[in-house]
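Written below as structure tokens is the structure these notes are about.
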Amino acid sequence: MSLILATLLLLLLHSNYAAGECNVCQSNQAACINSTSFYLCFGDDVPNTETLYHCKEGFDCTDLNAICVQSSSQRRPSCGDTSLCGMCSAHRNHLFACLSRTTFQMCYGAIRPIGQIGYCPQGLVCDANSDAICVLEELVESATCDVVDEGGDDGGGNDGSENTSTPGIGLTPQQVCSAMGQVGLYPTSPMDPYCKRYIYCYKENGIIKGVQYNCSSGSYYNVQLEQCVFNKPTYCL
């Protein structure tokens, strides 16, 4: 009888884990965006993306009241595995690295990914077990980097697109610049947790315009300094 109960308990824990969703407000008012980082919800159904919080090393983001709970094989995090995120070594030939479920960056045999961030088309996810990079979601048992990024397949990279929405439910570069009302470099809305994207506001014929860009390889957008820096801010993934 005890063996049956133990089996049922394991099945229950597995089903709870499988049903978990990333970037969704939980009963503890936290929205886990990966296994160790989260936004707070403050009583709303939409995560507040102004500040990204991180669990201490060895702790996972969960739906429990404490939010961050010591890692355990019996208690999985609310949002999936991030151990291979940004790792060129996840692919057997170091061809590319998955930055989220739907974004990737090329490695070309190097240790770290470089260059522009790529986006998988709708219905496809980044899979480091395939040379195709993006494969049909239903064919993948588990995402290489289980982080939700709702940037879309156009993503607004370094092409200077003025109308591309920023990742998540937020403002376009043009809307951000119209709200700021002055030239400068500003964070995307919502803010990119990787701190790789920023919005450049400039004036053309007296009209303020906005374009989204990526920081160069190895640098990160610093909110306080309003520029890309090589020292990774503590709030960045």
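Ligands are numbered from 1 in the order shown, residues from 1 within each chain, and chains are lettered A, B, ... in the order they appear in the structure tokens.
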
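All residues of protein, DNA or RNA that reach within 8 Å of segment 121-132 of chain A, judged by only C-alpha atoms and not counting those fewer than 5 positions away in the chain, are A:Ala90, A:His91, A:Arg92, A:Leu95, A:Phe96, A:Ala97, A:Cys98, A:Ser100, A:Arg101, A:Thr102, A:Thr103, A:Phe104, A:Glu137, A:Val140, A:Ala143, A:Thr144, A:Cys145, A:Gly152, A:Asp153.
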
**Study point:** Within 7 Å of segment 52-61 of chain A using only C-alpha atoms, minus same-chain residues under 3 positions, as number ranges by chain
**Key:** A: 32, 35-39, 49, 67-71, 77-78, 235

Output the selection as a short mmCIF file (atom, residue, chain, number, x, y, z; two decimals), in the first residue's frame - N, CA, C and O atoms for each residue.
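File produced: selection16.cif:
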```cif
data_model
loop_
_atom_site.label_atom_id
_atom_site.label_comp_id
_atom_site.auth_asym_id
_atom_site.auth_seq_id
_atom_site.Cartn_x
_atom_site.Cartn_y
_atom_site.Cartn_z
N CYS A 32 7.18 33.41 -11.98
CA CYS A 32 8.51 32.88 -12.29
C CYS A 32 8.73 32.95 -13.79
O CYS A 32 7.89 32.48 -14.57
N SER A 35 13.68 29.14 -13.77
CA SER A 35 13.74 28.35 -12.54
C SER A 35 14.24 29.14 -11.34
O SER A 35 14.08 28.70 -10.20
N THR A 36 14.83 30.32 -11.56
CA THR A 36 15.41 31.04 -10.43
C THR A 36 15.04 32.53 -10.37
O THR A 36 15.41 33.20 -9.41
N SER A 37 14.34 33.06 -11.35
CA SER A 37 14.04 34.50 -11.38
C SER A 37 12.54 34.74 -11.51
O SER A 37 11.82 33.91 -12.07
N PHE A 38 12.09 35.90 -11.00
CA PHE A 38 10.66 36.16 -11.01
C PHE A 38 10.34 37.64 -10.94
O PHE A 38 11.17 38.46 -10.53
N TYR A 39 9.12 37.97 -11.38
CA TYR A 39 8.53 39.29 -11.21
C TYR A 39 7.47 39.19 -10.12
O TYR A 39 6.93 38.11 -9.85
N THR A 49 6.88 44.23 -14.47
CA THR A 49 8.19 43.93 -15.04
C THR A 49 9.24 45.02 -14.78
O THR A 49 10.31 45.00 -15.37
N ILE A 67 8.23 31.76 -2.04
CA ILE A 67 8.65 31.97 -3.44
C ILE A 67 9.92 31.19 -3.75
O ILE A 67 9.91 30.26 -4.54
N CYS A 68 11.04 31.55 -3.12
CA CYS A 68 12.30 30.85 -3.35
C CYS A 68 12.47 29.73 -2.32
O CYS A 68 12.52 29.99 -1.12
N VAL A 69 12.55 28.50 -2.80
CA VAL A 69 12.66 27.33 -1.93
C VAL A 69 13.89 26.53 -2.34
O VAL A 69 14.21 26.44 -3.53
N GLN A 70 14.57 25.96 -1.35
CA GLN A 70 15.79 25.21 -1.63
C GLN A 70 15.53 24.12 -2.68
O GLN A 70 14.54 23.40 -2.62
N SER A 71 16.43 24.03 -3.64
CA SER A 71 16.28 23.08 -4.74
C SER A 71 16.16 21.65 -4.23
O SER A 71 16.88 21.24 -3.31
N PRO A 77 10.88 23.53 -9.73
CA PRO A 77 10.50 24.95 -9.85
C PRO A 77 9.24 25.11 -10.67
O PRO A 77 8.88 24.23 -11.46
N SER A 78 8.55 26.24 -10.50
CA SER A 78 7.32 26.50 -11.25
C SER A 78 7.58 26.66 -12.73
O SER A 78 6.73 26.34 -13.56
N TYR A 235 20.92 42.63 -11.90
CA TYR A 235 19.53 42.31 -12.16
C TYR A 235 19.32 41.63 -13.52
O TYR A 235 18.19 41.35 -13.91
#
```

Next item on the list: Could you give me the residues within segment 55-228 of chain A that DSSP places in strand (DSSP E), as a PyMOL selection string?
Entry: chain A and resi 59-61+68-70+96-98+103-106+114-119+124-126+134-136+184-186+197-204+207-214+220-222+227-228

With distances taken over only C-alpha atoms, the candidate from A:Met180, A:Cys41, A:Ile133, A:Ile208 nearest Met106 of chain A is A:Ile133
